[in-house]
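Pasting run.pdb here (PDB, C-alpha atoms and all ligand atoms):
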```pdb
ATOM      1  CA  MET F   1      11.956-142.156 -13.221
ATOM      2  CA  ASP F   2      12.508-145.868 -12.784
ATOM      3  CA  THR F   3      13.296-147.064 -16.286
ATOM      4  CA  ALA F   4      15.288-150.230 -15.776
ATOM      5  CA  ARG F   5      12.934-151.875 -18.296
ATOM      6  CA  THR F   6      14.228-150.315 -21.521
ATOM      7  CA  PRO F   7      17.897-149.826 -22.498
ATOM      8  CA  LYS F   8      18.879-146.152 -22.912
ATOM      9  CA  GLU F   9      19.485-146.289 -26.679
ATOM     10  CA  GLU F  10      16.151-147.930 -27.310
ATOM     11  CA  LEU F  11      14.522-145.390 -24.971
ATOM     12  CA  GLY F  12      16.008-142.531 -26.987
ATOM     13  CA  ARG F  13      14.661-144.009 -30.216
ATOM     14  CA  ARG F  14      11.177-144.495 -28.809
ATOM     15  CA  ILE F  15      11.101-141.005 -27.293
ATOM     16  CA  GLU F  16      12.123-139.486 -30.622
ATOM     17  CA  ALA F  17       9.502-141.509 -32.487
ATOM     18  CA  LEU F  18       6.812-140.228 -30.095
ATOM     19  CA  GLY F  19       7.877-136.578 -30.551
ATOM     20  CA  PRO F  20       7.665-133.678 -30.789
ATOM     21  CA  TRP F  21       7.126-133.332 -27.022
ATOM     22  CA  PHE F  22       5.738-130.268 -25.215
ATOM     23  CA  HIS F  23       6.581-131.614 -21.759
ATOM     24  CA  ASN F  24      10.237-132.057 -20.951
ATOM     25  CA  LEU F  25      10.156-135.281 -18.928
ATOM     26  CA  ARG F  26      13.172-137.248 -17.803
ATOM     27  CA  ILE F  27      12.667-140.856 -18.801
ATOM     28  CA  GLY F  28      15.555-143.107 -17.860
ATOM     29  CA  GLY F  29      17.969-140.196 -18.030
ATOM     30  CA  VAL F  30      16.684-139.080 -21.448
ATOM     31  CA  GLU F  31      15.033-135.648 -21.678
ATOM     32  CA  THR F  32      12.016-135.562 -23.962
ATOM     33  CA  ALA F  33      12.104-131.816 -24.864
ATOM     34  CA  PRO F  34      15.534-130.488 -23.863
ATOM     35  CA  ASP F  35      15.251-127.486 -26.244
ATOM     36  CA  HIS F  36      11.813-126.313 -25.049
ATOM     37  CA  PHE F  37      11.299-122.589 -25.776
ATOM     38  CA  LEU F  38      10.197-122.033 -22.147
ATOM     39  CA  GLY F  39      13.195-123.853 -20.637
ATOM     40  CA  ASP F  40      12.849-126.970 -18.480
ATOM     41  CA  TYR F  41       9.081-126.970 -18.850
ATOM     42  CA  PRO F  42       6.973-127.649 -16.844
ATOM     43  CA  ALA F  43       9.416-128.731 -14.098
ATOM     44  CA  PHE F  44      10.604-125.157 -13.444
ATOM     45  CA  LYS F  45       7.007-123.820 -13.352
ATOM     46  CA  TRP F  46       5.957-126.576 -10.945
ATOM     47  CA  GLN F  47       8.532-125.372  -8.388
ATOM     48  CA  GLY F  48       6.575-122.109  -8.033
ATOM     49  CA  PHE F  49       3.268-123.666  -6.939
ATOM     50  CA  ARG F  50       3.841-127.302  -5.931
ATOM     51  CA  HIS F  51       3.522-126.257  -2.274
ATOM     52  CA  VAL F  52      -0.186-125.386  -2.572
ATOM     53  CA  LEU F  53      -1.118-129.038  -3.097
ATOM     54  CA  PRO F  54      -0.955-131.623  -0.281
ATOM     55  CA  GLU F  55       2.307-133.610  -0.281
ATOM     56  CA  ASP F  56       0.288-136.701   0.586
ATOM     57  CA  LEU F  57      -2.645-137.490  -1.679
ATOM     58  CA  THR F  58      -3.281-140.944  -0.280
ATOM     59  CA  GLY F  59      -6.845-142.024  -0.984
ATOM     60  CA  LYS F  60      -7.569-139.036  -3.259
ATOM     61  CA  THR F  61      -8.794-139.078  -6.846
ATOM     62  CA  VAL F  62      -7.295-136.759  -9.464
ATOM     63  CA  LEU F  63      -8.376-135.775 -12.973
ATOM     64  CA  ASP F  64      -5.831-133.991 -15.200
ATOM     65  CA  VAL F  65      -7.669-132.298 -18.084
ATOM     66  CA  GLY F  66      -5.407-131.469 -21.034
ATOM     67  CA  CYS F  67      -2.775-133.669 -19.445
ATOM     68  CA  ASN F  68      -0.410-133.556 -22.435
ATOM     69  CA  ALA F  69       2.497-135.972 -21.757
ATOM     70  CA  GLY F  70       1.330-136.361 -18.173
ATOM     71  CA  PHE F  71       3.815-134.315 -16.112
ATOM     72  CA  TYR F  72       1.199-133.325 -13.493
ATOM     73  CA  ALA F  73      -0.610-136.693 -13.559
ATOM     74  CA  LEU F  74       2.718-138.425 -12.854
ATOM     75  CA  GLU F  75       3.482-136.006  -9.996
ATOM     76  CA  MET F  76       0.052-136.645  -8.420
ATOM     77  CA  LYS F  77       0.543-140.400  -8.612
ATOM     78  CA  ARG F  78       3.970-139.980  -6.972
ATOM     79  CA  ARG F  79       2.184-138.134  -4.139
ATOM     80  CA  GLY F  80       0.180-141.283  -3.538
ATOM     81  CA  ALA F  81      -3.153-140.489  -5.200
ATOM     82  CA  ALA F  82      -5.375-143.572  -5.242
ATOM     83  CA  ARG F  83      -6.609-142.938  -8.769
ATOM     84  CA  VAL F  84      -5.331-140.585 -11.443
ATOM     85  CA  VAL F  85      -7.087-140.087 -14.769
ATOM     86  CA  GLY F  86      -5.501-137.997 -17.524
ATOM     87  CA  VAL F  87      -7.540-136.797 -20.501
ATOM     88  CA  ASP F  88      -6.456-134.897 -23.583
ATOM     89  CA  SER F  89      -8.021-134.284 -26.976
ATOM     90  CA  ASP F  90      -4.757-135.067 -28.820
ATOM     91  CA  PRO F  91      -3.917-138.757 -29.231
ATOM     92  CA  ARG F  92      -0.231-138.003 -29.920
ATOM     93  CA  TYR F  93       0.190-136.468 -26.474
ATOM     94  CA  LEU F  94      -1.695-139.348 -24.890
ATOM     95  CA  ALA F  95       0.706-141.829 -26.521
ATOM     96  CA  GLN F  96       3.570-139.911 -24.870
ATOM     97  CA  ALA F  97       1.759-139.924 -21.522
ATOM     98  CA  ARG F  98       1.086-143.666 -21.671
ATOM     99  CA  PHE F  99       4.736-144.325 -22.506
ATOM    100  CA  ALA F 100       6.009-142.085 -19.673
ATOM    101  CA  ALA F 101       3.695-143.703 -17.118
ATOM    102  CA  GLU F 102       4.602-147.213 -18.259
ATOM    103  CA  GLN F 103       8.322-146.438 -18.056
ATOM    104  CA  SER F 104       7.839-144.977 -14.562
ATOM    105  CA  GLY F 105       5.856-147.980 -13.379
ATOM    106  CA  LEU F 106       2.962-145.695 -12.371
ATOM    107  CA  GLU F 107      -0.629-146.734 -12.916
ATOM    108  CA  ILE F 108      -2.542-143.890 -14.548
ATOM    109  CA  GLU F 109      -5.614-144.120 -16.763
ATOM    110  CA  PHE F 110      -5.418-142.025 -19.924
ATOM    111  CA  ARG F 111      -8.388-141.301 -22.166
ATOM    112  CA  GLN F 112      -8.798-139.333 -25.346
ATOM    113  CA  MET F 113     -11.494-136.842 -24.514
ATOM    114  CA  SER F 114     -12.258-133.160 -24.849
ATOM    115  CA  VAL F 115     -12.948-131.092 -21.755
ATOM    116  CA  TYR F 116     -16.482-130.656 -23.124
ATOM    117  CA  GLU F 117     -16.987-134.419 -22.676
ATOM    118  CA  VAL F 118     -16.177-134.603 -18.945
ATOM    119  CA  PRO F 119     -19.843-135.387 -18.089
ATOM    120  CA  LYS F 120     -19.197-138.800 -19.730
ATOM    121  CA  LEU F 121     -16.803-139.686 -16.911
ATOM    122  CA  GLN F 122     -19.755-139.625 -14.504
ATOM    123  CA  GLU F 123     -17.387-138.970 -11.617
ATOM    124  CA  ARG F 124     -16.347-136.080  -9.422
ATOM    125  CA  PHE F 125     -12.667-135.985  -8.478
ATOM    126  CA  ASP F 126     -11.141-134.638  -5.256
ATOM    127  CA  LEU F 127      -8.675-132.662  -7.351
ATOM    128  CA  VAL F 128      -8.983-131.538 -10.961
ATOM    129  CA  ILE F 129      -5.941-130.143 -12.737
ATOM    130  CA  PHE F 130      -6.826-127.745 -15.552
ATOM    131  CA  MET F 131      -3.592-126.093 -16.554
ATOM    132  CA  GLY F 132      -2.867-124.282 -19.799
ATOM    133  CA  VAL F 133      -6.040-125.287 -21.621
ATOM    134  CA  LEU F 134      -8.654-122.518 -21.207
ATOM    135  CA  TYR F 135      -7.171-120.086 -23.741
ATOM    136  CA  HIS F 136      -7.119-122.902 -26.327
ATOM    137  CA  LEU F 137     -10.895-123.220 -26.156
ATOM    138  CA  ARG F 138     -13.535-121.541 -28.280
ATOM    139  CA  HIS F 139     -16.013-121.934 -25.413
ATOM    140  CA  PRO F 140     -14.103-121.185 -22.229
ATOM    141  CA  LEU F 141     -17.065-120.518 -19.918
ATOM    142  CA  LEU F 142     -18.777-123.699 -21.073
ATOM    143  CA  ALA F 143     -15.651-125.646 -20.078
ATOM    144  CA  LEU F 144     -15.517-124.025 -16.610
ATOM    145  CA  ASP F 145     -19.247-124.593 -16.081
ATOM    146  CA  LEU F 146     -18.980-128.268 -17.097
ATOM    147  CA  LEU F 147     -15.999-128.849 -14.810
ATOM    148  CA  TRP F 148     -17.848-127.270 -11.882
ATOM    149  CA  GLU F 149     -21.036-129.193 -12.638
ATOM    150  CA  HIS F 150     -19.596-132.627 -13.403
ATOM    151  CA  ALA F 151     -15.943-133.121 -12.457
ATOM    152  CA  VAL F 152     -14.693-130.994  -9.549
ATOM    153  CA  GLY F 153     -15.461-132.549  -6.180
ATOM    154  CA  ASP F 154     -13.367-130.232  -4.034
ATOM    155  CA  MET F 155     -10.352-128.409  -5.534
ATOM    156  CA  MET F 156      -9.059-127.377  -8.951
ATOM    157  CA  LEU F 157      -5.494-126.384  -9.824
ATOM    158  CA  PHE F 158      -5.828-123.908 -12.681
ATOM    159  CA  GLN F 159      -3.635-121.884 -15.009
ATOM    160  CA  CYS F 160      -4.476-119.649 -17.938
ATOM    161  CA  LEU F 161      -2.381-117.390 -20.136
ATOM    162  CA  GLN F 162      -3.132-113.770 -19.190
ATOM    163  CA  ARG F 163      -2.341-110.533 -20.983
ATOM    164  CA  GLY F 164      -3.254-106.904 -20.414
ATOM    165  CA  ASP F 165      -3.832-105.109 -17.142
ATOM    166  CA  GLU F 166      -3.013-107.001 -13.945
ATOM    167  CA  ARG F 167      -4.998-104.809 -11.521
ATOM    168  CA  ILE F 168      -8.335-105.764  -9.992
ATOM    169  CA  PRO F 169     -10.716-102.782 -10.294
ATOM    170  CA  GLU F 170     -13.389-101.700  -7.853
ATOM    171  CA  LEU F 171     -16.578-102.212  -9.828
ATOM    172  CA  SER F 172     -20.263-101.673  -9.150
ATOM    173  CA  GLU F 173     -22.587-104.635  -9.488
ATOM    174  CA  ASN F 174     -24.566-102.775 -12.108
ATOM    175  CA  TYR F 175     -24.119 -99.844 -14.511
ATOM    176  CA  ASP F 176     -26.640 -97.741 -16.302
ATOM    177  CA  PHE F 177     -27.147 -98.421 -20.041
ATOM    178  CA  ALA F 178     -25.739 -94.941 -20.745
ATOM    179  CA  GLU F 179     -22.458 -95.723 -18.964
ATOM    180  CA  TRP F 180     -19.686 -96.325 -21.514
ATOM    181  CA  SER F 181     -16.505 -95.046 -19.931
ATOM    182  CA  VAL F 182     -16.084 -97.915 -17.471
ATOM    183  CA  PHE F 183     -15.390-100.241 -20.413
ATOM    184  CA  ASP F 184     -12.421 -98.095 -21.404
ATOM    185  CA  GLN F 185     -10.704 -98.597 -18.055
ATOM    186  CA  PRO F 186      -7.669-100.823 -18.781
ATOM    187  CA  ASP F 187      -8.379-102.870 -15.656
ATOM    188  CA  TYR F 188     -12.050-103.541 -16.503
ATOM    189  CA  PRO F 189     -12.475-107.351 -17.030
ATOM    190  CA  LYS F 190     -11.456-107.986 -20.644
ATOM    191  CA  LEU F 191     -11.216-111.085 -22.763
ATOM    192  CA  PHE F 192      -9.012-110.543 -25.815
ATOM    193  CA  PHE F 193     -10.119-112.512 -28.866
ATOM    194  CA  VAL F 194      -7.416-113.761 -31.228
ATOM    195  CA  GLU F 195      -8.841-114.351 -34.685
ATOM    196  CA  GLU F 196      -5.663-115.687 -36.307
ATOM    197  CA  ARG F 197      -2.604-116.478 -34.176
ATOM    198  CA  TYR F 198      -0.841-115.480 -30.993
ATOM    199  CA  ALA F 199       2.687-116.819 -30.424
ATOM    200  CA  SER F 200       2.281-118.484 -33.854
ATOM    201  CA  ASP F 201      -0.419-120.743 -32.384
ATOM    202  CA  PRO F 202      -3.764-120.759 -34.217
ATOM    203  CA  THR F 203      -5.419-122.488 -31.215
ATOM    204  CA  ASN F 204      -5.071-119.473 -28.909
ATOM    205  CA  TRP F 205      -8.573-117.953 -28.896
ATOM    206  CA  PHE F 206      -9.436-115.991 -25.740
ATOM    207  CA  ILE F 207      -6.831-114.401 -23.481
ATOM    208  CA  PRO F 208      -8.190-112.701 -20.337
ATOM    209  CA  ASN F 209      -6.674-109.920 -18.289
ATOM    210  CA  THR F 210      -6.383-110.685 -14.569
ATOM    211  CA  ALA F 211      -9.748-109.140 -13.610
ATOM    212  CA  ALA F 212     -11.586-111.116 -16.296
ATOM    213  CA  MET F 213      -9.857-114.342 -15.308
ATOM    214  CA  GLU F 214     -10.861-114.034 -11.672
ATOM    215  CA  ALA F 215     -14.393-112.874 -12.525
ATOM    216  CA  MET F 216     -14.926-115.819 -14.895
ATOM    217  CA  LEU F 217     -13.754-118.275 -12.233
ATOM    218  CA  ARG F 218     -16.055-116.724  -9.619
ATOM    219  CA  SER F 219     -18.941-116.643 -12.074
ATOM    220  CA  SER F 220     -18.529-120.373 -12.731
ATOM    221  CA  GLY F 221     -18.648-121.143  -9.017
ATOM    222  CA  PHE F 222     -14.975-121.300  -8.051
ATOM    223  CA  GLU F 223     -13.441-119.595  -5.014
ATOM    224  CA  ILE F 224      -9.793-118.618  -5.061
ATOM    225  CA  ALA F 225      -8.089-120.539  -2.242
ATOM    226  CA  ALA F 226      -4.501-119.686  -3.227
ATOM    227  CA  HIS F 227      -2.793-117.625  -5.920
ATOM    228  CA  PRO F 228       0.826-118.774  -5.766
ATOM    229  CA  GLU F 229       1.863-117.388  -9.166
ATOM    230  CA  ARG F 230       0.599-114.684 -11.529
ATOM    231  CA  GLU F 231      -1.378-117.111 -13.732
ATOM    232  CA  VAL F 232      -1.816-120.051 -11.339
ATOM    233  CA  TYR F 233      -4.732-120.520  -8.927
ATOM    234  CA  LEU F 234      -5.809-123.186  -6.486
ATOM    235  CA  LEU F 235      -9.603-123.078  -6.571
ATOM    236  CA  LYS F 236     -12.245-124.459  -4.299
ATOM    237  CA  ARG F 237     -15.629-125.517  -5.606
ATOM    238  CA  GLY F 238     -18.034-122.941  -4.184
ATOM    239  CA  ALA F 239     -21.528-121.724  -4.945
ATOM    240  CA  ARG F 240     -22.566-120.679  -8.402
ATOM    241  CA  HIS F 241     -24.471-117.441  -8.464
ATOM    242  CA  TYR F 242     -25.096-116.428 -12.050
ATOM    243  CA  ALA F 243     -28.653-116.123 -13.284
ATOM    244  CA  VAL F 244     -29.514-118.404 -16.205
ATOM    245  CA  GLU F 245     -33.233-118.884 -16.205
ATOM    246  CA  ASN F 246     -35.857-116.177 -16.002
ATOM    247  CA  ALA F 247     -33.225-113.507 -16.674
ATOM    248  CA  PRO F 248     -34.878-110.319 -17.897
ATOM    249  CA  CYS F 249     -34.152-109.456 -21.520
ATOM    250  CA  GLY F 250     -33.840-105.736 -21.919
ATOM    251  CA  PHE F 251     -33.873-103.027 -19.333
ATOM    252  CA  GLY F 252     -35.769-104.651 -16.472
ATOM    253  CA  GLY F 253     -34.408-105.023 -12.992
TER     254      GLY F 253
HETATM  255  C1  LIG F 301      -0.492-125.747 -23.434
HETATM  256  S1  LIG F 301      -0.816-127.489 -23.284
HETATM  257  C2  LIG F 301      -0.892-127.645 -21.508
HETATM  258  C3  LIG F 301      -0.491-129.010 -21.044
HETATM  259  C4  LIG F 301      -0.466-129.230 -19.534
HETATM  260  N1  LIG F 301      -1.789-129.173 -18.954
HETATM  261  C5  LIG F 301       0.427-128.217 -18.877
HETATM  262  O1  LIG F 301      -0.037-127.313 -18.177
HETATM  263  O2  LIG F 301       1.640-128.313 -19.085
HETATM  264  C6  LIG F 301      -2.531-127.617 -23.738
HETATM  265  C7  LIG F 301      -3.036-129.054 -23.749
HETATM  266  O3  LIG F 301      -4.456-129.027 -23.822
HETATM  267  C8  LIG F 301      -4.890-129.985 -24.755
HETATM  268  N2  LIG F 301      -6.201-129.559 -25.232
HETATM  269  C9  LIG F 301      -6.499-128.563 -26.109
HETATM  270  N3  LIG F 301      -7.822-128.476 -26.278
HETATM  271  C10 LIG F 301      -8.383-129.418 -25.483
HETATM  272  C11 LIG F 301      -9.719-129.822 -25.227
HETATM  273  N4  LIG F 301     -10.743-129.233 -25.832
HETATM  274  N5  LIG F 301      -9.921-130.811 -24.339
HETATM  275  C12 LIG F 301      -8.894-131.429 -23.726
HETATM  276  N6  LIG F 301      -7.598-131.105 -23.936
HETATM  277  C13 LIG F 301      -7.361-130.106 -24.810
HETATM  278  C14 LIG F 301      -3.800-129.994 -25.815
HETATM  279  O4  LIG F 301      -3.829-131.168 -26.598
HETATM  280  C15 LIG F 301      -2.559-129.882 -24.943
HETATM  281  O5  LIG F 301      -2.089-131.121 -24.514
END
```
Reformat the file's structure so that it appears as structure tokens.
Ligand SMILES: C[S@@+](CC[C@H](N)C(=O)[O-])C[C@H]1O[C@@H](n2cnc3c(N)ncnc32)[C@H](O)[C@@H]1O
Amino acid sequence: MDTARTPKEELGRRIEALGPWFHNLRIGGVETAPDHFLGDYPAFKWQGFRHVLPEDLTGKTVLDVGCNAGFYALEMKRRGAARVVGVDSDPRYLAQARFAAEQSGLEIEFRQMSVYEVPKLQERFDLVIFMGVLYHLRHPLLALDLLWEHAVGDMMLFQCLQRGDERIPELSENYDFAEWSVFDQPDYPKLFFVEERYASDPTNWFIPNTAAMEAMLRSSGFEIAAHPEREVYLLKRGARHYAVENAPCGFGG
């Protein structure tokens, strides 16, 4: 990052005052989270899927939902995106993101906003980044539906914590009411609900297995364009096919 503006000692003090950081950024040679429990996060993760996004984003608009300290928003601006907006529900992370962007001399708009409020932006973006947020939500399908409906113009880069079976089962479109055994298949789409904590984090609510993750994305109208890593997907906005209105209640067809 270009940080000629602030002397290193002062930078260190300001970075510490803005902490604790979840993103390990390098600001003027100072690392913001050098002891991160996942390592050099998210820089090392980024190496595994950066190739699925265009190197040149000239003229494109990007929305980073749950941007945290702005690692991905900064990377998109470095790739030449015309407009990058980062939103997060936590003002402490947004203060970090604003500081990192200012120190890098990159123009990014940051707003405090929940994913459920994206309709307020009244804008569809060429690329939406929605990484590491879904399992923190009490209403994950609502978030995916709102992003499809109001924010995603073309593509979405997506990641969600997954646990359980990693296989994709062959399933019928429909099962008889008397069929129970299919639900006991380990690879049947499953969404684990965490009432208290997982990884000591009380904001982890729903953790899908792989089949559930992909089914939820499809159900919300996203097509899988690339799957560069176990939990990372590049999605294309496709057609939504679930039935909302006039759905039969009970045993009708
Ligand atoms: C695990 S971090 C992921 C950060 C970043 N997207 C990444 O992949 O490195 C989850 C982020 O989502 C934010 N977040 C949690 N709930 C949110 C919500 N309802 N709307 C927007 N952001 C949310 C948190 O404040 C946090 O910055």
Practice task
Apply the PyMOL selection byres (((not hetatm)) within 6 of (chain F and resi 301)) to the file shown and report the selected residues as an MDAnalysis selection string.
Solution key: chainID F and resid 42 65:68 88:90 114:115 131:133 136
Exercise for the section: For atom CA of F:Arg237 and atom CA of F:Gly86, quote the distance in Å rounded to one decimal. Expected result: 20.0 Å
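Coordinates place atom CA of F:Ile108 at a distance of 11.3 Å from atom CA of F:Leu94.
Considering the residues F:His51, F:His150, F:Arg167, F:Arg138 and counting only C-alpha atoms, F:Gln122 has its shortest atom-to-atom contact with F:His150.
For the structure shown here, the set of residues caught by the PyMOL selection byres (((chain F and resi 182-189) around 6) and not hetatm) is Asp165, Arg167, Pro169, Trp180, Ser181, Lys190, Ala211 and Ala212 of chain F.
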Around all the atoms of stretch 44-50 of chain F listed in the file, draw an axis-aligned box and extend it by 5 Å on each of the six sides; I want its centre and edge lengths in Å to one decimal, as JSON.
```
{"center_x": 6.9, "center_y": -124.7, "center_z": -9.7, "size_x": 17.3, "size_y": 15.2, "size_z": 17.5}
```
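Nearest-residue note for F:Phe125: choosing from F:Ala43, F:Ala151, F:Ala101, F:Met156, the minimum distance belongs to F:Ala151, counting only C-alpha atoms.
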Each stretch 121-213 of chain F residue no farther than 12 Å from stretch 221-225 of chain F, nearest pair in Å, all atoms listed in the file, as a Markdown table:
```
| residue | atom | partner | partner_atom | distance |
| --- | --- | --- | --- | --- |
| F:Leu141 | CA | F:Gly221 | CA | 11.0 |
| F:Leu144 | CA | F:Gly221 | CA | 8.7 |
| F:Asp145 | CA | F:Gly221 | CA | 7.9 |
| F:Leu146 | CA | F:Gly221 | CA | 10.8 |
| F:Leu147 | CA | F:Gly221 | CA | 10.0 |
| F:Trp148 | CA | F:Gly221 | CA | 6.8 |
| F:Glu149 | CA | F:Gly221 | CA | 9.1 |
| F:Val152 | CA | F:Phe222 | CA | 9.8 |
| F:Gly153 | CA | F:Phe222 | CA | 11.4 |
| F:Asp154 | CA | F:Phe222 | CA | 9.9 |
| F:Met155 | CA | F:Ala225 | CA | 8.8 |
| F:Met156 | CA | F:Phe222 | CA | 8.5 |
| F:Leu157 | CA | F:Ala225 | CA | 9.9 |
| F:Phe158 | CA | F:Ile224 | CA | 10.1 |
| F:Met213 | CA | F:Ile224 | CA | 11.1 |
```
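Neighbours of F:Tyr93 closer than or equal to 10 Å, with all atoms listed in the file counted and sequence neighbours fewer than 5 positions away skipped, come out as Leu18, Gly19, Pro20, Trp21, Phe22, His23, Gly66, Cys67, Asn68, Ala69, Gly70, Val87, Asp88, Arg98, Phe99 and Gln112 of chain F.
Candidate residues F:Ala215, F:Phe206, F:Arg230, F:Tyr41 were compared for distance to F:Glu166, and the nearest is F:Arg230, using all atoms listed in the file.
The two atoms in question, atom CA of F:Glu229 and atom CA of F:Asn209, are spaced 14.6 Å apart.
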Practice task
On this file, the PyMOL selection byres (((chain F and resi 28) around 12) and not hetatm) gives some set of residues; write that set as a ChimeraX atom specification.
Solution key: /F:1-12,14-15,25-27,29-32,99-105
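Shortest atom-to-atom contact with F:Asp64 among F:Met76, F:Val128, F:Leu106, F:Cys160: F:Val128, counting only C-alpha atoms.
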Exercise for the section: Compare F:Gln96, F:Arg50, F:Glu231, F:Ser172 by their minimum atom-to-atom distance to F:Ala33, counting all atoms listed in the file, and give me the closest one. Expected result: F:Gln96
